[in-house]
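Student: To be precise about what I am sending: the file is called model22.txt and holds compact mmCIF, C-alpha atoms.
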```txt
# COMPACT_ATOMS: atom_id res chain seq x y z
CA MET A 22 130.45 42.33 13.34
CA LYS A 23 128.64 45.32 11.87
CA ASN A 24 127.58 45.30 8.21
CA ASN A 25 129.54 48.54 7.89
CA ARG A 26 132.63 47.70 9.86
CA PHE A 27 133.58 51.31 10.38
CA GLU A 28 130.21 52.78 11.27
CA GLY A 29 130.75 55.16 14.17
CA TYR A 30 134.55 55.35 13.68
CA GLU A 31 136.58 58.32 12.49
CA ASP A 32 137.87 58.34 8.91
CA ASP A 33 141.49 58.20 10.06
CA VAL A 34 140.76 54.96 11.96
CA ARG A 35 139.13 53.42 8.89
CA GLN A 36 142.03 54.50 6.66
CA LEU A 37 144.68 53.20 9.04
CA VAL A 38 142.99 49.79 9.48
CA GLN A 39 142.37 49.37 5.75
CA GLU A 40 145.98 50.27 4.91
CA TYR A 41 147.22 47.76 7.46
CA GLU A 42 144.94 45.00 6.11
CA LEU A 43 146.05 45.72 2.54
CA MET A 44 149.68 45.41 3.63
CA GLN A 45 148.90 42.07 5.32
CA ARG A 46 147.15 40.72 2.21
CA THR A 47 149.77 41.81 -0.30
CA GLY A 48 152.87 41.17 1.79
CA GLY A 49 153.94 44.79 1.45
CA SER A 50 155.72 46.94 4.00
CA HIS A 51 154.76 50.10 5.81
CA TYR A 52 156.10 51.94 8.83
CA TYR A 53 153.75 52.18 11.78
CA ASP A 54 154.66 53.92 14.98
CA VAL A 55 153.33 52.74 18.35
CA GLU A 56 150.38 55.15 18.27
CA ASP A 57 149.26 53.86 14.87
CA LEU A 58 149.45 50.28 16.05
CA MET A 59 147.45 51.11 19.18
CA VAL A 60 144.66 52.52 17.01
CA ILE A 61 144.60 49.35 14.88
CA ILE A 62 144.69 46.98 17.85
CA ASP A 63 142.06 48.93 19.77
CA TYR A 64 139.77 48.84 16.75
CA TYR A 65 140.02 45.03 16.61
CA LEU A 66 139.50 44.79 20.37
CA ASP A 67 136.40 46.95 20.09
CA THR A 68 134.93 45.00 17.16
CA CYS A 69 135.94 41.56 18.53
CA GLU A 70 137.74 40.56 15.33
CA HIS A 71 139.82 37.99 17.14
CA ASP A 72 141.93 36.64 14.27
CA ASN A 73 142.84 40.13 13.06
CA LEU A 74 143.47 41.18 16.66
CA GLU A 75 145.94 38.35 17.27
CA ASP A 76 147.78 39.11 14.01
CA ALA A 77 147.99 42.83 14.79
CA VAL A 78 149.30 42.30 18.33
CA ARG A 79 151.89 39.79 17.14
CA TYR A 80 153.00 42.21 14.39
CA ALA A 81 153.32 45.00 16.96
CA GLU A 82 155.24 42.77 19.39
CA ASN A 83 157.78 41.98 16.67
CA LEU A 84 158.35 45.68 16.01
CA PHE A 85 158.29 46.95 19.61
CA PRO A 86 158.82 43.96 21.94
CA GLN A 87 159.50 46.05 25.07
CA GLU A 88 156.89 48.76 24.51
CA LEU A 89 154.61 48.91 27.56
CA GLU A 90 151.49 49.80 25.58
CA ILE A 91 152.00 46.80 23.30
CA ARG A 92 152.44 44.45 26.27
CA LEU A 93 149.35 45.97 27.86
CA ARG A 94 147.38 45.15 24.71
CA ARG A 95 148.63 41.57 24.86
CA ALA A 96 147.15 41.40 28.36
CA HIS A 97 143.88 42.72 26.93
CA VAL A 98 143.93 39.95 24.33
CA PHE A 99 144.40 37.34 27.05
CA CYS A 100 141.44 38.83 28.93
CA ALA A 101 139.29 38.67 25.80
CA GLU A 102 140.21 34.97 25.54
CA GLY A 103 139.44 34.35 29.22
CA ARG A 104 143.11 33.70 30.02
CA TYR A 105 143.14 35.88 33.12
CA GLU A 106 146.13 34.29 34.86
CA ALA A 107 148.26 34.91 31.77
CA ALA A 108 147.05 38.51 31.67
CA LEU A 109 147.82 38.88 35.39
CA ASN A 110 151.42 37.78 34.88
CA ILE A 111 151.99 40.45 32.24
CA LEU A 112 150.28 43.18 34.24
CA CYS A 113 152.23 42.43 37.41
CA ASP A 114 155.46 42.72 35.41
CA LEU A 115 154.31 46.04 33.96
CA LEU A 116 153.39 47.32 37.41
CA GLN A 117 156.96 46.65 38.54
CA LEU A 118 158.19 48.85 35.70
CA GLU A 119 155.61 51.62 36.16
CA PRO A 120 153.93 51.39 39.57
CA ASP A 121 151.86 54.53 39.00
CA ASN A 122 150.56 53.67 35.54
CA THR A 123 146.77 54.07 35.81
CA ASP A 124 146.09 52.03 32.66
CA VAL A 125 147.86 49.06 34.22
CA HIS A 126 145.95 49.53 37.48
CA TYR A 127 142.66 49.67 35.60
CA ALA A 128 143.48 46.46 33.72
CA LEU A 129 144.48 44.78 36.99
CA GLY A 130 141.15 45.84 38.48
CA ALA A 131 139.32 44.18 35.59
CA VAL A 132 141.38 40.99 35.87
CA TYR A 133 140.92 40.68 39.63
CA SER A 134 137.20 41.29 39.13
CA ALA A 135 137.05 38.43 36.61
CA LEU A 136 138.98 36.22 39.05
CA ASP A 137 136.45 37.11 41.78
CA HIS A 138 138.86 38.99 44.04
CA PRO A 139 136.76 42.09 44.72
CA GLN A 140 139.01 43.63 47.39
CA LYS A 141 142.03 43.53 45.07
CA ALA A 142 139.91 44.83 42.19
CA ILE A 143 138.75 47.78 44.32
CA HIS A 144 142.34 48.58 45.29
CA HIS A 145 143.51 48.80 41.69
CA TYR A 146 140.44 50.66 40.46
CA GLN A 147 141.05 53.25 43.17
CA LYS A 148 144.63 53.60 41.95
CA ALA A 149 143.35 53.97 38.38
CA ALA A 150 141.05 56.81 39.48
CA ILE A 151 143.98 59.03 40.45
CA ASP A 152 144.36 60.56 36.99
CA GLY A 153 140.67 61.56 36.91
CA TYR A 154 139.96 59.85 33.57
CA ARG A 155 136.60 58.09 33.03
CA LEU A 156 135.71 58.31 36.69
CA ASP A 157 132.07 57.53 35.89
CA LEU A 158 133.16 54.12 34.60
CA ILE A 159 135.67 53.50 37.40
CA TYR A 160 133.26 54.38 40.21
CA GLY A 161 130.69 52.11 38.56
CA ASN A 162 133.25 49.30 38.51
CA ILE A 163 134.09 49.83 42.17
CA GLY A 164 130.38 49.78 42.98
CA ASP A 165 130.08 46.43 41.21
CA GLU A 166 132.82 44.99 43.42
CA TYR A 167 131.09 46.24 46.58
CA LEU A 168 127.95 44.48 45.32
CA LYS A 169 129.91 41.23 45.26
CA LEU A 170 130.87 41.90 48.87
CA GLU A 171 127.24 42.76 49.69
CA ASP A 172 128.41 46.12 51.04
CA TRP A 173 125.27 47.89 49.90
CA GLU A 174 126.02 51.31 51.37
CA ARG A 175 129.44 51.65 49.77
CA ALA A 176 128.07 50.30 46.51
CA LYS A 177 125.34 52.95 46.50
CA GLU A 178 127.89 55.65 47.31
CA CYS A 179 130.01 54.63 44.30
CA PHE A 180 127.04 54.44 41.94
CA LYS A 181 125.89 57.89 43.02
CA LYS A 182 129.39 59.26 42.36
CA SER A 183 129.33 57.66 38.92
CA ILE A 184 125.92 59.16 38.13
CA GLY A 185 127.01 62.53 39.48
CA ILE A 186 129.79 62.58 36.88
CA ASN A 187 127.70 61.14 34.05
CA ALA A 188 123.93 61.42 34.46
CA ASP A 189 123.41 58.86 31.68
CA GLU A 190 125.68 56.14 33.10
CA ASP A 191 123.28 53.27 32.45
CA ARG A 192 124.91 50.54 34.51
CA SER A 193 125.24 52.70 37.63
CA LEU A 194 121.64 53.87 37.35
CA LEU A 195 120.42 50.28 37.12
CA ASN A 196 122.66 48.95 39.86
CA LEU A 197 121.73 51.77 42.22
CA TYR A 198 118.09 50.80 41.75
CA TYR A 199 119.00 47.16 42.41
CA CYS A 200 120.55 48.15 45.75
CA TRP A 201 117.43 50.00 46.86
CA GLU A 202 115.18 47.19 45.66
CA HIS A 203 117.26 44.63 47.55
CA GLN A 204 117.07 46.71 50.71
CA GLY A 205 113.35 47.33 50.30
CA ASN A 206 113.86 51.09 49.98
CA LEU A 207 111.58 51.61 46.99
CA ASP A 208 110.27 54.95 48.25
CA THR A 209 113.84 56.25 48.32
CA ALA A 210 114.41 54.90 44.81
CA ALA A 211 111.25 56.57 43.47
CA THR A 212 112.24 59.91 45.03
CA PHE A 213 115.76 59.72 43.58
CA TYR A 214 114.72 58.80 40.04
CA LYS A 215 111.84 61.27 39.99
CA LYS A 216 114.31 64.06 40.77
CA HIS A 217 116.77 62.63 38.23
CA VAL A 218 114.28 62.69 35.35
CA GLU A 219 113.22 66.21 36.28
CA GLU A 220 116.85 67.30 35.90
CA HIS A 221 117.65 64.97 32.98
CA PRO A 222 114.34 64.37 31.17
CA TYR A 223 115.87 62.41 28.27
CA CYS A 224 117.60 59.78 30.44
CA HIS A 225 115.64 56.70 29.45
CA ILE A 226 117.28 54.41 32.03
CA ALA A 227 116.22 56.74 34.85
CA TRP A 228 112.64 56.68 33.54
CA TYR A 229 112.82 52.89 33.43
CA CYS A 230 114.08 52.66 37.02
CA LEU A 231 111.35 55.07 38.11
CA GLY A 232 108.80 52.80 36.45
CA CYS A 233 110.18 49.77 38.28
CA ALA A 234 110.01 51.56 41.63
CA TYR A 235 106.43 52.70 41.02
CA TYR A 236 105.40 49.22 39.88
CA TRP A 237 106.64 47.50 43.04
CA LEU A 238 105.12 50.25 45.17
CA GLY A 239 101.76 49.35 43.63
CA LEU A 240 101.52 52.65 41.72
CA THR A 241 100.64 50.93 38.47
CA GLU A 242 99.34 53.93 36.52
CA GLN A 243 102.45 55.99 37.37
CA ALA A 244 104.65 53.04 36.42
CA LEU A 245 102.83 52.74 33.11
CA ASP A 246 103.55 56.41 32.33
CA ALA A 247 107.23 56.03 33.25
CA PHE A 248 107.67 53.01 30.98
CA GLU A 249 105.89 54.87 28.16
CA PHE A 250 108.33 57.76 28.56
CA THR A 251 111.21 55.28 28.42
CA ILE A 252 110.03 53.98 25.05
CA THR A 253 109.30 57.46 23.73
CA ILE A 254 112.92 58.40 24.39
CA HIS A 255 114.44 55.07 23.32
CA LYS A 256 111.99 52.86 21.48
CA GLU A 257 114.48 49.97 21.27
CA TYR A 258 114.82 49.54 25.05
CA TYR A 259 113.18 46.14 25.37
CA ASN A 260 112.95 45.97 29.17
CA ALA A 261 110.50 48.87 29.11
CA TYR A 262 108.12 46.76 27.01
CA LEU A 263 108.32 44.05 29.67
CA GLY A 264 107.50 46.66 32.29
CA LEU A 265 104.57 47.98 30.28
CA SER A 266 103.23 44.49 29.80
CA SER A 267 103.41 43.77 33.54
CA CYS A 268 101.51 46.99 34.31
CA LEU A 269 98.80 46.18 31.80
CA GLN A 270 98.44 42.70 33.28
CA GLN A 271 97.96 44.25 36.69
CA LEU A 272 95.21 46.40 35.21
CA GLY A 273 93.53 43.33 33.72
CA LYS A 274 94.30 44.38 30.14
CA THR A 275 95.55 41.05 28.83
CA GLY A 276 95.22 41.90 25.13
CA GLU A 277 97.17 45.14 25.48
CA ALA A 278 99.82 43.39 27.57
CA VAL A 279 100.37 40.91 24.76
CA SER A 280 100.34 43.65 22.11
CA ARG A 281 103.11 45.61 23.82
CA LEU A 282 105.33 42.53 23.99
CA LEU A 283 104.67 41.82 20.32
CA GLU A 284 105.61 45.44 19.62
CA GLY A 285 108.87 45.05 21.52
CA ILE A 286 109.84 41.59 20.27
CA ASN A 287 111.95 43.01 17.43
CA TYR A 288 114.14 44.70 20.03
CA SER A 289 114.59 41.55 22.11
CA GLU A 290 117.88 39.67 22.01
CA ASP A 291 115.94 36.48 22.77
CA ARG A 292 112.71 36.10 20.82
CA SER A 293 112.08 32.72 22.44
CA SER A 294 111.93 34.28 25.91
CA THR A 295 109.54 36.98 24.68
CA LEU A 296 107.20 34.41 23.17
CA THR A 297 107.38 32.45 26.42
CA ALA A 298 106.51 35.62 28.36
CA ILE A 299 103.45 36.09 26.14
CA ALA A 300 102.45 32.50 26.82
CA THR A 301 102.63 33.04 30.58
CA ILE A 302 100.21 35.96 30.23
CA TYR A 303 97.66 33.60 28.69
CA MET A 304 98.42 30.97 31.33
CA ASP A 305 97.62 33.51 34.06
CA VAL A 306 94.11 33.89 32.61
CA ARG A 307 93.78 30.11 32.08
CA ASN A 308 93.84 30.35 28.30
CA TYR A 309 96.09 27.33 27.97
CA ASN A 310 95.39 26.57 24.32
CA THR A 311 96.59 30.00 23.21
CA ALA A 312 99.54 29.73 25.57
CA ILE A 313 100.57 26.50 23.85
CA VAL A 314 100.52 28.26 20.46
CA TYR A 315 103.10 30.79 21.68
CA LEU A 316 105.15 28.15 23.49
CA ARG A 317 105.35 26.17 20.25
CA GLN A 318 106.64 29.30 18.51
CA ALA A 319 109.13 29.80 21.33
CA VAL A 320 110.66 26.33 20.98
CA GLU A 321 110.92 26.83 17.23
CA GLN A 322 113.21 29.75 18.05
CA ASP A 323 115.14 27.86 20.75
CA ARG A 324 114.61 24.12 21.12
CA PHE A 325 116.95 24.01 24.12
CA ASN A 326 114.91 26.32 26.35
CA ASP A 327 114.00 23.86 29.09
CA GLN A 328 111.75 26.39 30.86
CA THR A 329 109.52 26.62 27.80
CA TRP A 330 109.10 22.85 27.57
CA GLY A 331 108.21 22.74 31.26
CA LEU A 332 105.55 25.44 30.85
CA MET A 333 104.10 23.60 27.87
CA ALA A 334 103.82 20.49 30.03
CA ASP A 335 101.95 22.53 32.65
CA CYS A 336 99.49 23.72 30.00
CA TYR A 337 98.73 20.23 28.77
CA ASP A 338 98.33 19.04 32.35
CA MET A 339 95.84 21.84 33.06
CA LEU A 340 93.95 20.77 29.93
CA ASN A 341 93.73 17.22 31.34
CA ASP A 342 95.95 15.88 28.58
CA PRO A 343 98.47 13.74 30.51
CA ASP A 344 99.64 11.87 27.42
CA ASN A 345 101.08 15.08 25.99
CA ALA A 346 102.12 16.56 29.35
CA GLU A 347 104.28 13.75 30.75
CA PRO A 348 106.84 13.49 27.91
CA LEU A 349 107.31 17.25 28.11
CA TYR A 350 107.96 17.14 31.87
CA GLN A 351 110.49 14.40 31.22
CA ARG A 352 112.07 16.40 28.40
CA ALA A 353 112.47 19.54 30.51
CA LEU A 354 113.99 17.55 33.38
CA GLY A 355 116.33 15.69 31.04
CA MET A 356 117.53 18.97 29.53
CA ASN A 357 118.28 20.63 32.85
CA GLY A 358 118.39 18.41 35.91
CA GLU A 359 119.78 21.27 38.02
CA GLU A 360 116.51 23.21 37.78
CA GLU A 361 114.46 22.29 40.83
CA GLU A 362 111.20 23.45 39.25
CA HIS A 363 111.45 20.62 36.72
CA TRP A 364 111.68 18.01 39.48
CA LEU A 365 108.83 19.61 41.41
CA GLY A 366 106.66 20.15 38.34
CA TYR A 367 106.96 16.52 37.26
CA ALA A 368 106.34 15.36 40.85
CA ASP A 369 103.20 17.51 41.06
CA PHE A 370 102.01 15.92 37.81
CA LEU A 371 102.52 12.42 39.21
CA MET A 372 100.79 13.35 42.47
CA HIS A 373 97.90 14.94 40.58
CA HIS A 374 97.40 11.60 38.85
CA GLU A 375 97.76 9.68 42.13
CA ARG A 376 101.00 8.02 41.08
CA TYR A 377 102.47 8.50 44.54
CA LYS A 378 105.09 5.76 44.52
CA GLU A 379 106.63 7.15 41.33
CA ALA A 380 106.49 10.64 42.81
CA ILE A 381 108.33 9.40 45.93
CA ASP A 382 111.17 7.94 43.85
CA LEU A 383 111.44 11.12 41.81
CA LEU A 384 111.39 13.44 44.84
CA LYS A 385 113.98 11.40 46.72
CA GLU A 386 116.32 11.59 43.73
CA GLY A 387 115.82 15.33 43.25
CA GLU A 388 116.12 16.13 46.94
CA ARG A 389 119.71 14.89 47.06
CA THR A 390 121.02 18.02 45.39
CA SER A 391 118.24 20.39 46.40
CA ILE A 392 118.83 23.83 47.88
CA SER A 393 115.11 24.07 48.79
CA PRO A 394 114.57 20.86 50.79
CA TYR A 395 111.17 21.91 52.16
CA GLU A 396 109.62 21.89 48.68
CA PHE A 397 110.69 18.27 48.27
CA ASN A 398 110.00 17.14 51.84
CA SER A 399 106.50 18.62 51.95
CA ARG A 400 105.56 16.71 48.81
CA LEU A 401 107.19 13.57 50.14
CA ALA A 402 105.19 13.90 53.35
CA TYR A 403 101.95 14.07 51.40
CA CYS A 404 102.94 11.07 49.28
CA TYR A 405 103.78 9.03 52.39
CA TYR A 406 100.46 10.10 53.91
CA LYS A 407 98.57 8.93 50.82
CA THR A 408 100.46 5.63 50.71
CA GLU A 409 100.07 5.08 54.50
CA LYS A 410 103.80 4.83 55.19
CA GLN A 411 103.67 5.99 58.82
CA GLN A 412 107.36 5.77 59.74
CA GLN A 413 108.53 7.57 56.61
CA LEU A 414 105.78 10.16 57.14
CA PHE A 415 106.97 10.87 60.70
CA GLU A 416 110.59 11.20 59.57
CA THR A 417 109.62 13.54 56.73
CA LEU A 418 107.42 15.67 58.99
CA ASN A 419 110.46 16.04 61.22
CA ALA A 420 112.49 17.11 58.17
CA CYS A 421 109.82 19.69 57.24
CA ALA A 422 110.01 21.11 60.76
CA ALA A 423 113.79 21.33 60.47
CA ASP A 424 113.72 22.97 57.04
CA TYR A 425 112.29 26.19 58.46
CA GLN A 426 110.41 27.37 61.54
CA ASP A 427 106.88 27.28 60.12
CA GLY A 428 107.42 24.19 57.98
CA LEU A 429 104.68 22.11 59.57
CA SER A 430 102.13 24.94 59.46
CA ALA A 431 102.94 25.57 55.80
CA LEU A 432 102.55 21.86 55.08
CA LEU A 433 99.02 21.81 56.47
CA ILE A 434 98.13 24.88 54.43
CA ASP A 435 99.45 23.23 51.26
CA TYR A 436 97.73 19.92 52.01
CA PRO A 437 94.71 20.75 54.23
CA GLU A 438 93.30 17.21 54.23
CA MET A 439 96.26 16.11 56.38
CA LYS A 440 95.15 18.25 59.33
CA GLU A 441 91.87 16.29 59.44
CA ASP A 442 93.75 13.06 60.11
CA PRO A 443 94.16 12.35 63.86
CA GLU A 444 97.36 10.37 63.36
CA VAL A 445 99.01 13.23 61.46
CA VAL A 446 97.91 15.68 64.17
CA ARG A 447 99.39 13.36 66.83
CA MET A 448 102.72 13.17 64.98
CA ILE A 449 102.89 16.92 64.64
CA GLU A 450 102.11 17.47 68.31
CA GLU A 451 104.81 14.96 69.24
CA LEU A 452 107.35 16.82 67.12
CA LYS A 453 106.35 20.16 68.65
CA ASP A 454 106.66 18.75 72.17
CA SER A 455 110.14 17.45 71.40
CA ASP A 456 111.42 20.92 70.41
```
Go ahead and express the file in the form of structure tokens.

Tutor:
Amino acid sequence: MKNNRFEGYEDDVRQLVQEYELMQRTGGSHYYDVEDLMVIIDYYLDTCEHDNLEDAVRYAENLFPQELEIRLRRAHVFCAEGRYEAALNILCDLLQLEPDNTDVHYALGAVYSALDHPQKAIHHYQKAAIDGYRLDLIYGNIGDEYLKLEDWERAKECFKKSIGINADEDRSLLNLYYCWEHQGNLDTAATFYKKHVEEHPYCHIAWYCLGCAYYWLGLTEQALDAFEFTITIHKEYYNAYLGLSSCLQQLGKTGEAVSRLLEGINYSEDRSSTLTAIATIYMDVRNYNTAIVYLRQAVEQDRFNDQTWGLMADCYDMLNDPDNAEPLYQRALGMNGEEEEHWLGYADFLMHHERYKEAIDLLKEGERTSISPYEFNSRLAYCYYKTEKQQQLFETLNACAADYQDGLSALLIDYPEMKEDPEVVRMIEELKDSD
């Protein structure tokens, strides 16, 4: 909640809410019509004052139990609580009463979106668009649903409509860039956002998207300028500091890359992640001791960030300090066993220290739930090779070949000593002949 609860609100909203709260505290009475109650309830919805919101809706329901707008707000409360099925029941009843009510259709679109029914969400958002109100928001919502369906062309069409109505519609600008990035159409993205900033030079999100497009096109200097413009317009936009830092890293300016992240850290919602990002910059230039300093600061901010503990383990391992590294690998894995990188990182540590049998046990356990079996099987193959387990090696080579088409070639690139072994070469040839 804001320190000044009514910052950004009109005086009549502040007065109405304060009068209502005084009445609630003193047990007094006051007449409120439906419009007054809507203002009070919408204020609590906007500020997420859940206890006050529940009290206000219940008060309104007692006064006007059949009023559609009051029942609609009850559905909004259920949505805020994550009770989407309860909200759906109310909204379906309201739709029976007023089948053309665009507010009800909009709320149904939001509920079906939350329930992951994108086709139904699109249907109701399209119905909500009939009255022409907040079309920038509605087209953006429809675009989001097409993203869920991976219908990239229709998604882009909706986002462009949204931006055409409101040139500063942040979400649509970002999601349109995401579509082009996903499709590999970065040249198209750069052309679009370059034109957009020429027409709307103070649109910081468009400058940011232009910077992203330039960066991935390898136009680092142009990307740097675009991110600088983003910050000039909106100095609190943290993602632009990340973009600047990445550009400076590409240019080999490690110190400046760190400085820009330190400059932006006050605008970050997650200081731990920013400190971790700084640490990775130092890791990239093999300055592991300094990286550890920032990783220690990061875990002071968030002791449950398993990625940070894993990176700290990597640093100690690179410094040939296994006594400090191993407990950290174990800690990261214990905190988040669903993260495959923790299994693989710990396995790499064990393999690095020639503890192959332990690595085999670990990899076999992690592979059971893996969505990237090659990463586990390739390591297992190397461990079986080093421990001279021929049958298991053959079976795992076969698994590597099945994981993806070039699995065996990739394995020999990752572990080149294996291609010097005649027995391994024979096994691979046998597997190729059997295809």

Student: May I ask which of the residues A:Val218, A:Arg155, A:Asp338, A:Gln271 is the closest one to Val306 (chain A), counting only C-alpha atoms?

Tutor: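 Among the listed residues, A:Gln271 lies closest to Val306 (chain A).
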
Student: Which neighbours of Met304 (chain A) fall inside 12 Å, counting all atoms listed in the file, when residues of the same chain fewer than 2 positions from it are skipped, and could you give them as a PDB file with C-alpha atoms, in the coordinates of the input?

Tutor:
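The file below, out.pdb, is the result:
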```
ATOM      1  CA  GLN A 270      98.440  42.700  33.280  1.00  0.00           C
ATOM      2  CA  THR A 275      95.550  41.050  28.830  1.00  0.00           C
ATOM      3  CA  THR A 297     107.380  32.450  26.420  1.00  0.00           C
ATOM      4  CA  ALA A 298     106.510  35.620  28.360  1.00  0.00           C
ATOM      5  CA  ILE A 299     103.450  36.090  26.140  1.00  0.00           C
ATOM      6  CA  ALA A 300     102.450  32.500  26.820  1.00  0.00           C
ATOM      7  CA  THR A 301     102.630  33.040  30.580  1.00  0.00           C
ATOM      8  CA  ILE A 302     100.210  35.960  30.230  1.00  0.00           C
ATOM      9  CA  VAL A 306      94.110  33.890  32.610  1.00  0.00           C
ATOM     10  CA  ARG A 307      93.780  30.110  32.080  1.00  0.00           C
ATOM     11  CA  ASN A 308      93.840  30.350  28.300  1.00  0.00           C
ATOM     12  CA  TYR A 309      96.090  27.330  27.970  1.00  0.00           C
ATOM     13  CA  ASN A 310      95.390  26.570  24.320  1.00  0.00           C
ATOM     14  CA  THR A 311      96.590  30.000  23.210  1.00  0.00           C
ATOM     15  CA  ALA A 312      99.540  29.730  25.570  1.00  0.00           C
ATOM     16  CA  ILE A 313     100.570  26.500  23.850  1.00  0.00           C
ATOM     17  CA  VAL A 314     100.520  28.260  20.460  1.00  0.00           C
ATOM     18  CA  TYR A 315     103.100  30.790  21.680  1.00  0.00           C
ATOM     19  CA  LEU A 316     105.150  28.150  23.490  1.00  0.00           C
ATOM     20  CA  LEU A 332     105.550  25.440  30.850  1.00  0.00           C
ATOM     21  CA  MET A 333     104.100  23.600  27.870  1.00  0.00           C
ATOM     22  CA  ALA A 334     103.820  20.490  30.030  1.00  0.00           C
ATOM     23  CA  ASP A 335     101.950  22.530  32.650  1.00  0.00           C
ATOM     24  CA  CYS A 336      99.490  23.720  30.000  1.00  0.00           C
ATOM     25  CA  TYR A 337      98.730  20.230  28.770  1.00  0.00           C
ATOM     26  CA  ASP A 338      98.330  19.040  32.350  1.00  0.00           C
ATOM     27  CA  MET A 339      95.840  21.840  33.060  1.00  0.00           C
ATOM     28  CA  LEU A 340      93.950  20.770  29.930  1.00  0.00           C
TER      29      LEU A 340
END
```

Student: Expressed in Å to a single decimal, how great is the separation between CA of Trp330 (chain A) and CA of Ala353 (chain A)?

Tutor: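 Computing it gives 5.6 Å between the two atoms.
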
Student: Identify which of the residues A:His203, A:Arg281, A:His145, A:His225 lies closest to Thr253 (chain A), counting only C-alpha atoms when measuring atom-to-atom distances.

Tutor: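 Of A:His203, A:Arg281, A:His145, A:His225, the one nearest Thr253 (chain A) is A:His225, counting only C-alpha atoms.
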
Student: Using all atoms listed in the file - which residues lie no farther than 7 Å from the point (108.3, 20.3, 64.1) in the file's frame? Write them as number ranges by chain.

Tutor: A: 418-419, 422-423, 429, 449, 452-453

Student: If we count all atoms listed in the file, what is near Tyr405 (chain A) at a cut-off of 10 Å, once residues fewer than 3 positions away on the same chain are taken out, given as a list in words?

Tutor: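 These residues fall inside the cut-off: Tyr377, Lys378, Ile381, Ser399, Arg400, Leu401, Ala402, Thr408, Glu409, Lys410, Gln411, Gln412, Gln413, Leu414, Phe415 and Thr417 of chain A.
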
Student: Between CA of Ala150 (chain A) and CA of Ile163 (chain A), what distance in Å does the model show, to one decimal?

Tutor: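 Interatomic distance, CA of Ala150 (chain A) to CA of Ile163 (chain A): 10.2 Å.
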
Student: Choose the residue, out of A:Ala234, A:Leu156, A:Ala211, A:Cys200, that has the smallest atom-to-atom separation from Glu171 (chain A); count only C-alpha atoms.

Tutor: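 Of A:Ala234, A:Leu156, A:Ala211, A:Cys200, the one nearest Glu171 (chain A), counting only C-alpha atoms, is A:Cys200.
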
Student: Using the atoms already present, construct N, CA and C atoms for region 184-195 of chain A and hand them back as a PDB file, in the frame of the given file.

Tutor:
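What landed in part_20.pdb:
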```pdb
ATOM      1  N   ILE A 184     127.041  58.440  38.745  1.00  0.00           N
ATOM      2  CA  ILE A 184     125.920  59.160  38.130  1.00  0.00           C
ATOM      3  C   ILE A 184     126.118  60.670  38.228  1.00  0.00           C
ATOM      4  N   GLY A 185     126.739  61.111  39.326  1.00  0.00           N
ATOM      5  CA  GLY A 185     127.010  62.530  39.480  1.00  0.00           C
ATOM      6  C   GLY A 185     127.950  63.065  38.413  1.00  0.00           C
ATOM      7  N   ILE A 186     128.853  62.196  37.930  1.00  0.00           N
ATOM      8  CA  ILE A 186     129.790  62.580  36.880  1.00  0.00           C
ATOM      9  C   ILE A 186     129.133  62.453  35.500  1.00  0.00           C
ATOM     10  N   ASN A 187     128.357  61.404  35.324  1.00  0.00           N
ATOM     11  CA  ASN A 187     127.700  61.140  34.050  1.00  0.00           C
ATOM     12  C   ASN A 187     126.257  60.732  34.325  1.00  0.00           C
ATOM     13  N   ALA A 188     125.340  61.656  34.119  1.00  0.00           N
ATOM     14  CA  ALA A 188     123.930  61.420  34.460  1.00  0.00           C
ATOM     15  C   ALA A 188     123.298  60.307  33.638  1.00  0.00           C
ATOM     16  N   ASP A 189     123.950  59.908  32.543  1.00  0.00           N
ATOM     17  CA  ASP A 189     123.410  58.860  31.680  1.00  0.00           C
ATOM     18  C   ASP A 189     124.188  57.545  31.810  1.00  0.00           C
ATOM     19  N   GLU A 190     124.910  57.374  32.907  1.00  0.00           N
ATOM     20  CA  GLU A 190     125.680  56.140  33.100  1.00  0.00           C
ATOM     21  C   GLU A 190     124.708  54.995  33.418  1.00  0.00           C
ATOM     22  N   ASP A 191     124.355  54.258  32.373  1.00  0.00           N
ATOM     23  CA  ASP A 191     123.280  53.270  32.450  1.00  0.00           C
ATOM     24  C   ASP A 191     123.490  52.239  33.553  1.00  0.00           C
ATOM     25  N   ARG A 192     124.681  51.638  33.571  1.00  0.00           N
ATOM     26  CA  ARG A 192     124.910  50.540  34.510  1.00  0.00           C
ATOM     27  C   ARG A 192     124.781  51.021  35.951  1.00  0.00           C
ATOM     28  N   SER A 193     125.316  52.192  36.256  1.00  0.00           N
ATOM     29  CA  SER A 193     125.240  52.700  37.630  1.00  0.00           C
ATOM     30  C   SER A 193     123.809  53.035  38.016  1.00  0.00           C
ATOM     31  N   LEU A 194     123.050  53.583  37.071  1.00  0.00           N
ATOM     32  CA  LEU A 194     121.640  53.870  37.350  1.00  0.00           C
ATOM     33  C   LEU A 194     120.876  52.591  37.671  1.00  0.00           C
ATOM     34  N   LEU A 195     121.124  51.552  36.895  1.00  0.00           N
ATOM     35  CA  LEU A 195     120.420  50.280  37.120  1.00  0.00           C
ATOM     36  C   LEU A 195     120.864  49.614  38.410  1.00  0.00           C
TER      37      LEU A 195
END
```
